[in-house]
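Content type mmCIF, C-alpha atoms and all ligand atoms, from the file coords_37.cif:
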```
data_coords
#
loop_
_atom_site.label_atom_id
_atom_site.label_comp_id
_atom_site.auth_asym_id
_atom_site.auth_seq_id
_atom_site.Cartn_x
_atom_site.Cartn_y
_atom_site.Cartn_z
CA MET A 230 71.48 -38.68 -75.87
CA LYS A 231 70.87 -42.13 -74.44
CA ILE A 232 71.22 -42.51 -70.68
CA ALA A 233 71.05 -45.74 -68.73
CA CYS A 234 71.31 -47.25 -65.28
CA PHE A 235 73.63 -50.24 -64.97
CA GLN A 236 75.64 -52.48 -62.73
CA TYR A 237 79.39 -52.78 -63.28
CA GLN A 238 81.25 -55.15 -60.97
CA ASP A 239 79.50 -54.50 -57.61
CA GLN A 240 78.48 -50.92 -58.22
CA ILE A 241 75.21 -49.50 -59.56
CA SER A 242 75.75 -46.38 -61.63
CA ILE A 243 74.34 -44.29 -64.47
CA GLY A 244 75.94 -43.26 -67.71
CA GLN A 245 75.64 -42.19 -71.30
CA VAL A 246 75.52 -44.76 -74.07
CA SER A 247 77.80 -44.12 -77.06
CA ALA A 248 76.25 -43.43 -80.46
CA ASN A 249 77.19 -46.90 -81.73
CA GLY A 250 75.82 -48.55 -78.56
CA GLN A 251 79.14 -50.25 -77.80
CA GLU A 252 80.28 -48.19 -74.81
CA MET A 253 78.91 -46.75 -71.59
CA THR A 254 80.47 -43.60 -70.14
CA PRO A 255 79.61 -43.42 -66.41
CA PHE A 256 78.64 -40.16 -64.76
CA ILE A 257 80.77 -39.25 -61.72
CA LEU A 258 78.28 -38.92 -58.86
CA SER A 259 78.43 -37.19 -55.49
CA ALA A 260 77.99 -39.32 -52.35
CA ASP A 261 74.39 -38.05 -52.08
CA GLN A 262 73.65 -38.99 -55.68
CA GLN A 263 75.34 -42.39 -55.29
CA ALA A 264 73.05 -43.14 -52.32
CA LEU A 265 69.99 -42.59 -54.55
CA VAL A 266 71.10 -44.11 -57.82
CA ALA A 267 69.95 -47.70 -57.16
CA THR A 268 66.34 -46.50 -56.90
CA GLN A 269 66.26 -43.33 -59.01
CA GLY A 270 68.69 -44.27 -61.78
CA VAL A 271 68.72 -41.70 -64.58
CA GLN A 272 65.93 -39.69 -62.93
CA LEU A 273 68.90 -37.92 -61.28
CA ILE A 274 69.96 -36.66 -64.72
CA VAL A 275 66.44 -35.72 -65.80
CA GLU A 276 66.04 -33.68 -62.60
CA LEU A 277 69.39 -31.90 -62.99
CA GLN A 278 68.42 -30.88 -66.49
CA SER A 279 64.95 -29.76 -65.37
CA GLN A 280 66.72 -27.37 -62.99
CA GLY A 281 68.96 -26.09 -65.79
CA LEU A 282 72.05 -27.66 -64.16
CA PRO A 283 74.91 -29.17 -66.19
CA LEU A 284 75.47 -32.91 -66.56
CA PRO A 285 77.94 -34.46 -64.09
CA ALA A 286 81.51 -35.05 -65.30
CA GLN A 287 82.11 -38.44 -66.86
CA ALA A 288 84.61 -41.22 -66.15
CA LYS A 289 86.28 -43.24 -68.87
CA PRO A 290 84.08 -45.51 -71.00
CA ILE A 291 83.34 -49.17 -70.23
CA ALA A 292 82.48 -51.74 -72.90
CA MET A 293 78.71 -52.44 -72.94
CA LYS A 294 79.44 -56.18 -72.89
CA ASP A 295 80.98 -55.79 -69.41
CA ILE A 296 77.95 -54.16 -67.79
CA CYS A 297 74.46 -55.31 -66.82
CA LEU A 298 71.72 -52.85 -67.78
CA LEU A 299 69.08 -52.16 -65.14
CA ALA A 300 65.75 -50.36 -65.61
CA PRO A 301 66.65 -46.73 -66.44
CA ILE A 302 64.48 -45.62 -63.49
CA PRO A 303 64.53 -48.73 -61.26
CA ARG A 304 61.96 -47.41 -58.74
CA PRO A 305 59.98 -44.47 -60.12
CA ARG A 306 58.82 -42.03 -57.43
CA ARG A 307 55.21 -42.45 -58.52
CA ASN A 308 53.18 -45.13 -60.23
CA VAL A 309 53.84 -45.64 -63.92
CA PHE A 310 50.90 -44.07 -65.78
CA CYS A 311 49.48 -46.18 -68.60
CA VAL A 312 47.04 -45.36 -71.39
CA GLY A 313 44.72 -48.24 -72.29
CA LYS A 314 42.82 -48.80 -75.53
CA ASN A 315 44.91 -46.38 -77.57
CA TYR A 316 45.14 -48.27 -80.89
CA LEU A 317 41.92 -49.06 -82.80
CA ASP A 318 42.91 -52.61 -83.83
CA HIS A 319 43.80 -53.41 -80.20
CA VAL A 320 40.43 -52.05 -79.00
CA LYS A 321 38.76 -54.36 -81.53
CA GLU A 322 40.79 -57.47 -80.60
CA VAL A 323 39.97 -57.00 -76.90
CA GLN A 324 36.29 -56.31 -77.66
CA ALA A 325 36.11 -59.63 -79.52
CA SER A 326 37.74 -61.56 -76.65
CA LYS A 327 36.50 -63.03 -73.36
CA LEU A 328 38.04 -60.01 -71.62
CA GLY A 329 35.94 -57.70 -73.80
CA GLU A 330 32.80 -59.58 -72.74
CA ALA A 331 33.71 -59.11 -69.08
CA GLN A 332 34.43 -55.41 -69.60
CA GLY A 333 31.07 -54.66 -71.25
CA ALA A 334 30.75 -50.97 -72.20
CA MET A 335 34.28 -50.38 -70.87
CA ALA A 336 35.55 -52.29 -73.92
CA ASN A 337 34.08 -49.71 -76.32
CA LEU A 338 36.14 -47.24 -78.29
CA PRO A 339 37.09 -44.55 -75.73
CA LYS A 340 36.00 -40.93 -76.15
CA HIS A 341 38.73 -39.75 -73.76
CA PRO A 342 42.04 -41.39 -72.81
CA VAL A 343 41.65 -44.43 -70.53
CA VAL A 344 44.33 -44.16 -67.83
CA PHE A 345 45.42 -46.61 -65.16
CA SER A 346 48.71 -47.17 -63.37
CA LYS A 347 51.24 -49.77 -62.31
CA VAL A 348 52.95 -49.62 -58.91
CA PRO A 349 56.64 -48.52 -58.93
CA GLU A 350 57.72 -51.84 -57.37
CA SER A 351 56.57 -53.72 -60.50
CA VAL A 352 59.45 -52.24 -62.56
CA ILE A 353 62.24 -54.56 -63.71
CA GLY A 354 65.11 -54.03 -66.16
CA PRO A 355 66.26 -55.65 -69.41
CA GLN A 356 66.75 -59.43 -69.24
CA ALA A 357 65.22 -59.64 -65.74
CA GLY A 358 62.70 -62.45 -65.31
CA ILE A 359 58.95 -61.84 -65.50
CA GLN A 360 57.36 -64.09 -62.86
CA ASN A 361 54.57 -66.22 -64.33
CA HIS A 362 52.49 -65.92 -61.11
CA GLY A 363 50.99 -69.36 -61.72
CA GLY A 364 49.14 -69.24 -58.39
CA VAL A 365 47.20 -66.06 -59.17
CA THR A 366 46.80 -65.90 -62.96
CA GLN A 367 46.48 -68.35 -65.84
CA GLU A 368 46.31 -65.54 -68.42
CA LEU A 369 49.56 -63.58 -68.35
CA ASP A 370 49.97 -61.37 -71.43
CA TYR A 371 52.42 -58.89 -72.99
CA GLU A 372 51.87 -55.36 -74.34
CA ALA A 373 54.67 -53.54 -76.20
CA GLU A 374 54.49 -49.79 -75.58
CA LEU A 375 56.35 -46.56 -76.23
CA ALA A 376 56.69 -44.70 -72.92
CA ILE A 377 57.05 -40.94 -72.44
CA VAL A 378 59.40 -39.64 -69.73
CA ILE A 379 58.48 -36.20 -68.40
CA GLY A 380 61.34 -33.69 -68.14
CA ARG A 381 59.70 -30.63 -66.68
CA GLN A 382 57.11 -30.03 -63.96
CA GLY A 383 53.74 -28.84 -65.19
CA ARG A 384 50.00 -28.76 -64.70
CA ALA A 385 47.27 -27.81 -67.17
CA ILE A 386 49.76 -28.30 -70.01
CA GLN A 387 48.31 -27.33 -73.38
CA ALA A 388 48.64 -29.94 -76.14
CA SER A 389 50.47 -27.36 -78.26
CA ASP A 390 53.16 -27.03 -75.55
CA ALA A 391 53.20 -30.68 -74.42
CA LEU A 392 56.40 -31.77 -76.16
CA ASP A 393 58.30 -29.04 -74.25
CA TYR A 394 57.55 -31.06 -71.09
CA VAL A 395 58.94 -34.33 -72.47
CA TRP A 396 62.52 -35.37 -71.67
CA GLY A 397 62.44 -38.41 -73.91
CA TYR A 398 61.25 -41.96 -74.33
CA THR A 399 61.77 -45.56 -73.28
CA ILE A 400 60.03 -48.91 -73.74
CA ILE A 401 57.54 -50.49 -71.33
CA ASN A 402 56.18 -54.02 -71.52
CA ASP A 403 52.76 -53.60 -69.87
CA ILE A 404 52.50 -57.17 -68.55
CA SER A 405 48.83 -57.89 -67.86
CA ALA A 406 46.93 -60.66 -66.08
CA ARG A 407 43.78 -60.84 -68.24
CA ASP A 408 41.78 -63.04 -65.84
CA LEU A 409 42.45 -60.58 -62.99
CA GLN A 410 41.49 -57.65 -65.23
CA ALA A 411 38.19 -59.39 -65.99
CA LYS A 412 37.53 -60.51 -62.40
CA HIS A 413 38.31 -57.20 -60.69
CA VAL A 414 36.90 -55.03 -63.54
CA GLN A 415 39.27 -52.16 -62.68
CA PHE A 416 42.76 -52.73 -64.18
CA HIS A 417 45.03 -52.09 -61.21
CA ILE A 418 45.56 -55.57 -59.74
CA GLY A 419 45.88 -57.22 -63.13
CA LYS A 420 48.52 -54.72 -64.23
CA SER A 421 50.61 -54.37 -61.05
CA LEU A 422 51.83 -57.86 -60.18
CA ASP A 423 55.50 -58.04 -59.15
CA THR A 424 57.79 -57.87 -62.24
CA ALA A 425 54.89 -56.72 -64.48
CA CYS A 426 56.65 -53.60 -65.71
CA PRO A 427 59.81 -54.35 -67.71
CA MET A 428 61.39 -50.99 -68.64
CA GLY A 429 64.37 -50.07 -70.81
CA PRO A 430 66.88 -50.41 -72.26
CA TYR A 431 67.66 -46.66 -71.91
CA LEU A 432 66.02 -43.28 -71.84
CA VAL A 433 66.46 -41.69 -75.25
CA SER A 434 66.18 -37.90 -75.42
CA LYS A 435 63.34 -36.54 -77.54
CA ASP A 436 65.65 -34.99 -80.15
CA GLU A 437 66.78 -38.47 -81.26
CA LEU A 438 63.50 -39.65 -82.79
CA ASN A 439 60.08 -38.66 -84.03
CA ALA A 440 58.15 -40.60 -81.40
CA GLN A 441 54.86 -39.76 -83.11
CA LYS A 442 55.91 -41.73 -86.17
CA THR A 443 58.01 -44.69 -85.14
CA GLN A 444 57.52 -48.43 -85.34
CA VAL A 445 56.68 -50.66 -82.35
CA LYS A 446 57.41 -54.37 -82.77
CA CYS A 447 57.11 -57.31 -80.41
CA TRP A 448 58.23 -60.92 -80.78
CA VAL A 449 57.41 -63.87 -78.54
CA ASN A 450 60.05 -66.58 -79.04
CA ASP A 451 61.07 -65.03 -82.39
CA GLU A 452 57.49 -64.93 -83.72
CA LEU A 453 56.47 -61.39 -84.67
CA ARG A 454 53.23 -60.63 -82.81
CA GLN A 455 52.94 -56.81 -82.82
CA ASP A 456 54.08 -54.40 -85.57
CA ALA A 457 52.52 -50.94 -85.82
CA SER A 458 53.40 -47.27 -86.13
CA THR A 459 52.82 -44.88 -83.24
CA GLU A 460 51.00 -42.72 -85.84
CA LEU A 461 48.04 -45.04 -85.21
CA MET A 462 47.53 -43.89 -81.61
CA ILE A 463 43.92 -42.79 -81.01
CA PHE A 464 45.13 -40.14 -78.53
CA ASP A 465 48.53 -38.79 -79.55
CA ILE A 466 51.35 -37.84 -77.17
CA PRO A 467 50.34 -34.15 -76.76
CA THR A 468 46.70 -35.15 -76.13
CA ILE A 469 47.74 -37.71 -73.50
CA ILE A 470 49.90 -35.16 -71.64
CA ALA A 471 47.20 -32.47 -71.83
CA ASN A 472 44.55 -34.82 -70.42
CA LEU A 473 46.74 -36.31 -67.68
CA SER A 474 48.06 -32.93 -66.51
CA ALA A 475 44.73 -31.09 -66.63
CA GLY A 476 44.35 -31.19 -62.85
CA MET A 477 47.31 -33.31 -61.76
CA THR A 478 50.87 -31.98 -61.69
CA LEU A 479 53.37 -34.01 -63.71
CA TYR A 480 56.97 -34.14 -62.43
CA PRO A 481 60.37 -34.82 -64.02
CA GLY A 482 60.85 -38.58 -64.19
CA ASP A 483 57.16 -39.44 -64.47
CA VAL A 484 56.68 -42.30 -66.94
CA ILE A 485 53.60 -42.58 -69.17
CA ALA A 486 53.14 -45.74 -71.27
CA THR A 487 51.15 -44.82 -74.38
CA GLY A 488 49.19 -48.00 -75.06
CA THR A 489 49.76 -51.13 -77.12
CA PRO A 490 48.97 -51.99 -80.74
CA SER A 491 47.08 -55.16 -81.73
CA GLY A 492 48.66 -58.60 -81.53
CA VAL A 493 48.54 -59.30 -77.80
CA GLY A 494 47.95 -62.88 -76.61
CA VAL A 495 44.31 -62.40 -75.56
CA GLY A 496 43.45 -61.28 -79.11
CA PHE A 497 44.27 -64.68 -80.68
CA LYS A 498 41.64 -67.39 -81.10
CA PRO A 499 42.33 -69.37 -79.02
CA PRO A 500 44.29 -66.92 -76.82
CA ARG A 501 48.05 -67.39 -76.56
CA PHE A 502 49.07 -66.48 -73.04
CA LEU A 503 52.63 -66.40 -71.76
CA LYS A 504 54.23 -69.44 -70.17
CA LYS A 505 57.45 -70.15 -68.34
CA GLY A 506 60.41 -70.13 -70.73
CA ASP A 507 58.88 -67.67 -73.23
CA ARG A 508 61.03 -64.71 -74.28
CA ILE A 509 59.43 -61.39 -75.17
CA LYS A 510 61.42 -58.95 -77.29
CA ILE A 511 60.19 -55.43 -77.99
CA GLU A 512 61.90 -53.11 -80.45
CA ILE A 513 60.98 -49.47 -81.00
CA ASP A 514 62.85 -47.68 -83.78
CA GLY A 515 65.06 -44.98 -82.31
CA VAL A 516 64.63 -46.26 -78.74
CA GLY A 517 66.17 -49.75 -78.70
CA VAL A 518 65.34 -53.31 -77.72
CA LEU A 519 63.86 -54.58 -74.44
CA GLU A 520 63.93 -58.34 -73.93
CA ASN A 521 62.76 -60.38 -70.92
CA PRO A 522 62.18 -64.06 -70.21
CA VAL A 523 59.16 -65.45 -68.36
CA VAL A 524 60.37 -67.43 -65.32
MG MG A 601 48.90 -51.34 -71.96
#
```
Before anything else, please render the file you have as structure tokens.
Ligand code: MG
Amino acid sequence: MKIACFQYQDQISIGQVSANGQEMTPFILSADQQALVATQGVQLIVELQSQGLPLPAQAKPIAMKDICLLAPIPRPRRNVFCVGKNYLDHVKEVQASKLGEAQGAMANLPKHPVVFSKVPESVIGPQAGIQNHGGVTQELDYEAELAIVIGRQGRAIQASDALDYVWGYTIINDISARDLQAKHVQFHIGKSLDTACPMGPYLVSKDELNAQKTQVKCWVNDELRQDASTELMIFDIPTIIANLSAGMTLYPGDVIATGTPSGVGVGFKPPRFLKKGDRIKIEIDGVGVLENPVV
């Protein structure tokens, strides 16, 4: 099942995407649900299912070409969790860069998952503009990532049970200001600028793909920059969930970006940072395509 948040005429709604991707079938929402949908999006569906409740009834389908997709969860309730340094070749490309120099020992191969977060207000949807923030950064970069969406509340989740707590997956572009990461050492400011968290195009339920063996690709202006299998993660999905939930409760709708493969702009010599007019397209097999321009 693919579920999405979208605008049709003047109304924001949520719906199910048809198998061929050509149609959207809106869910019929109560007044209370309609009041929340612009911020929570498909989190409403994830929560219903976590409580064992049935899906809402559905209206008649609308052609996808007539709607505008929004981020599936436009304003997550909590920060978007992100795993850093989770692909060996990406660890190496950062280590060999100016950012790696600034990070010192922090740039080394991690022994445990490196986790930071992005503020909920940084989330934008497909085709929305990524601000270039020319006044605060000269080193804006992209990171294509598979993101986990939690479907069930849990703490101290064992790795062997972790997939039972997953609702499904989406794509995150972990937009990063490398100069701010280097200057402030800790990642938060450099990862949480407004519009720095493109998300979408849908949430795809976990039964639709093997997320532990799927391909992540990223193009900048039609040039393929990133192309790797999620099999190459240093810490796999169950390990990430077990570590994150060890002492912190995870809730339905929590989003966890799982790290980026090599091929980001800071890894090139000389670096190739984003500029106004660039278009970044991320494709993850079984999940879809997320494309955004830099404005
Ligand atoms: Mg990242």
task = Check which residues fall inside 8 Å of ligand MG 601 (chain A) when counting only C-alpha atoms and all ligand atoms, and print them as a list in words.
result =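 Based on only C-alpha atoms and all ligand atoms, ligand MG 601 (chain A) is surrounded within 8 Å by Cys311, Val312, Gly313, Lys314, Glu372, Ala373, Glu374, Asn402, Asp403, Ile404, Ser405, Ala486, Thr487, Gly488 and Thr489 of chain A.
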request  = Between A:Pro490, A:Pro427, A:Pro301, A:Gly281, single out the one closest to Gln236 in chain A, counting all atoms listed in the file.
outcome  = A:Pro301
query = Using all atoms listed in the file, which residues sit within 6 Å of Pro255 in chain A once same-chain residues fewer than 6 positions away are excluded, as number ranges by chain?
reply = A: 243-244, 287-288
Using only C-alpha atoms, please write the residues we just selected to a file, as a PDB file, keeping the file's coordinate frame.
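Dumped everything to result.pdb:
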```
ATOM      1  CA  ILE A 243      74.340 -44.290 -64.470  1.00  0.00           C
ATOM      2  CA  GLY A 244      75.940 -43.260 -67.710  1.00  0.00           C
ATOM      3  CA  GLN A 287      82.110 -38.440 -66.860  1.00  0.00           C
ATOM      4  CA  ALA A 288      84.610 -41.220 -66.150  1.00  0.00           C
TER       5      ALA A 288
END
```
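Note that CA of Phe310 in chain A and CA of Met335 in chain A are 18.5 Å apart.
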query = What's the 7 Å shell around range 428-445 of chain A, counting only C-alpha atoms, without same-chain residues fewer than 6 positions away, as a ChimeraX atom specification?
reply = /A:230-233,300-301,352-355,396-402,456-460,512-519
Separation of CA of Thr468 in chain A from CA of Gly383 in chain A, in Å and rounded to one decimal =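 Computing the Euclidean distance for CA of Thr468 in chain A and CA of Gly383 in chain A yields 14.5 Å.
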key: Among the residues A:Leu328, A:Ile359, A:Ile386, A:Ala267, the one that comes closest to Ala475 in chain A [using only C-alpha atoms]   =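 Smallest separation from Ala475 in chain A among the options: A:Ile386.
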query = Which of these residues is nearest to Arg407 in chain A, using only C-alpha atoms: A:Ser259, A:Gln272, A:Gln251, A:Gln367?
reply =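 Closest candidate: A:Gln367.
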message = Around the point (52.6, -33.6, -62.6) (coordinates from the file), which residues reach within 12 Å if we count only C-alpha atoms? Answer as a ChimeraX atom specification.
response = /A:306-308,310,378-386,394-395,470-485
Taking C-alpha atoms for each residue, export the selection above as a PDB file, keeping the file's coordinate frame.
```pdb
ATOM      1  CA  ARG A 306      58.820 -42.030 -57.430  1.00  0.00           C
ATOM      2  CA  ARG A 307      55.210 -42.450 -58.520  1.00  0.00           C
ATOM      3  CA  ASN A 308      53.180 -45.130 -60.230  1.00  0.00           C
ATOM      4  CA  PHE A 310      50.900 -44.070 -65.780  1.00  0.00           C
ATOM      5  CA  VAL A 378      59.400 -39.640 -69.730  1.00  0.00           C
ATOM      6  CA  ILE A 379      58.480 -36.200 -68.400  1.00  0.00           C
ATOM      7  CA  GLY A 380      61.340 -33.690 -68.140  1.00  0.00           C
ATOM      8  CA  ARG A 381      59.700 -30.630 -66.680  1.00  0.00           C
ATOM      9  CA  GLN A 382      57.110 -30.030 -63.960  1.00  0.00           C
ATOM     10  CA  GLY A 383      53.740 -28.840 -65.190  1.00  0.00           C
ATOM     11  CA  ARG A 384      50.000 -28.760 -64.700  1.00  0.00           C
ATOM     12  CA  ALA A 385      47.270 -27.810 -67.170  1.00  0.00           C
ATOM     13  CA  ILE A 386      49.760 -28.300 -70.010  1.00  0.00           C
ATOM     14  CA  TYR A 394      57.550 -31.060 -71.090  1.00  0.00           C
ATOM     15  CA  VAL A 395      58.940 -34.330 -72.470  1.00  0.00           C
ATOM     16  CA  ILE A 470      49.900 -35.160 -71.640  1.00  0.00           C
ATOM     17  CA  ALA A 471      47.200 -32.470 -71.830  1.00  0.00           C
ATOM     18  CA  ASN A 472      44.550 -34.820 -70.420  1.00  0.00           C
ATOM     19  CA  LEU A 473      46.740 -36.310 -67.680  1.00  0.00           C
ATOM     20  CA  SER A 474      48.060 -32.930 -66.510  1.00  0.00           C
ATOM     21  CA  ALA A 475      44.730 -31.090 -66.630  1.00  0.00           C
ATOM     22  CA  GLY A 476      44.350 -31.190 -62.850  1.00  0.00           C
ATOM     23  CA  MET A 477      47.310 -33.310 -61.760  1.00  0.00           C
ATOM     24  CA  THR A 478      50.870 -31.980 -61.690  1.00  0.00           C
ATOM     25  CA  LEU A 479      53.370 -34.010 -63.710  1.00  0.00           C
ATOM     26  CA  TYR A 480      56.970 -34.140 -62.430  1.00  0.00           C
ATOM     27  CA  PRO A 481      60.370 -34.820 -64.020  1.00  0.00           C
ATOM     28  CA  GLY A 482      60.850 -38.580 -64.190  1.00  0.00           C
ATOM     29  CA  ASP A 483      57.160 -39.440 -64.470  1.00  0.00           C
ATOM     30  CA  VAL A 484      56.680 -42.300 -66.940  1.00  0.00           C
ATOM     31  CA  ILE A 485      53.600 -42.580 -69.170  1.00  0.00           C
TER      32      ILE A 485
END
```
inquiry  = Env of Thr268 in chain A: 7 Å cut, atoms = all atoms listed in the file, seq-sep filter 4 positions within chain, self excluded. Answer as a PyMOL selection string.
reply    = chain A and resi 302-304
Export of prior selection with C-alpha atoms as an mmCIF file, in the coordinates of the input:
```
data_model
loop_
_atom_site.group_PDB
_atom_site.id
_atom_site.type_symbol
_atom_site.label_atom_id
_atom_site.label_comp_id
_atom_site.auth_asym_id
_atom_site.auth_seq_id
_atom_site.Cartn_x
_atom_site.Cartn_y
_atom_site.Cartn_z
ATOM 1 C CA ILE A 302 64.480 -45.620 -63.490
ATOM 2 C CA PRO A 303 64.530 -48.730 -61.260
ATOM 3 C CA ARG A 304 61.960 -47.410 -58.740
#
```
query = Suppose you want the space between CA of Gln238 in chain A and CA of Ile257 in chain A; what is it in Å?
reply =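 That distance, rounded to one decimal, is 15.9 Å.
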key: Sel. within 10 Å of pt (43.9, -43.6, -82.6), counting all atoms listed in the file, output as a PyMOL selection string   = chain A and resi 314-318+320+338-339+459-465+490
Surrounding residues of Gly506 in chain A excluding itself and chain neighbours under 3 positions, 10 Å, only C-alpha atoms, as an NGL selection string = :A and (358-359 or 361 or 450 or 503 or 509 or 522-524)
inquiry  = So, with only C-alpha atoms as the atoms that count, which of A:Leu265, A:Leu277, A:Val495, A:Val344 lies closest to Asp408 in chain A?
reply    =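 Distance minimum relative to Asp408 in chain A lands on A:Val495.
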query = Counting only C-alpha atoms, what is within 9 Å of Glu322 in chain A, bar same-chain residues fewer than 5 positions away, as a PyMOL selection string?
reply = chain A and resi 317+329+491-493+495-497
task = Pick out the closest residue to Ser389 in chain A from this set: A:Lys510, A:Gln280, A:Pro290, A:Ile469. Count only C-alpha atoms.
result =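 Closest to Ser389 in chain A of all the choices is A:Ile469.
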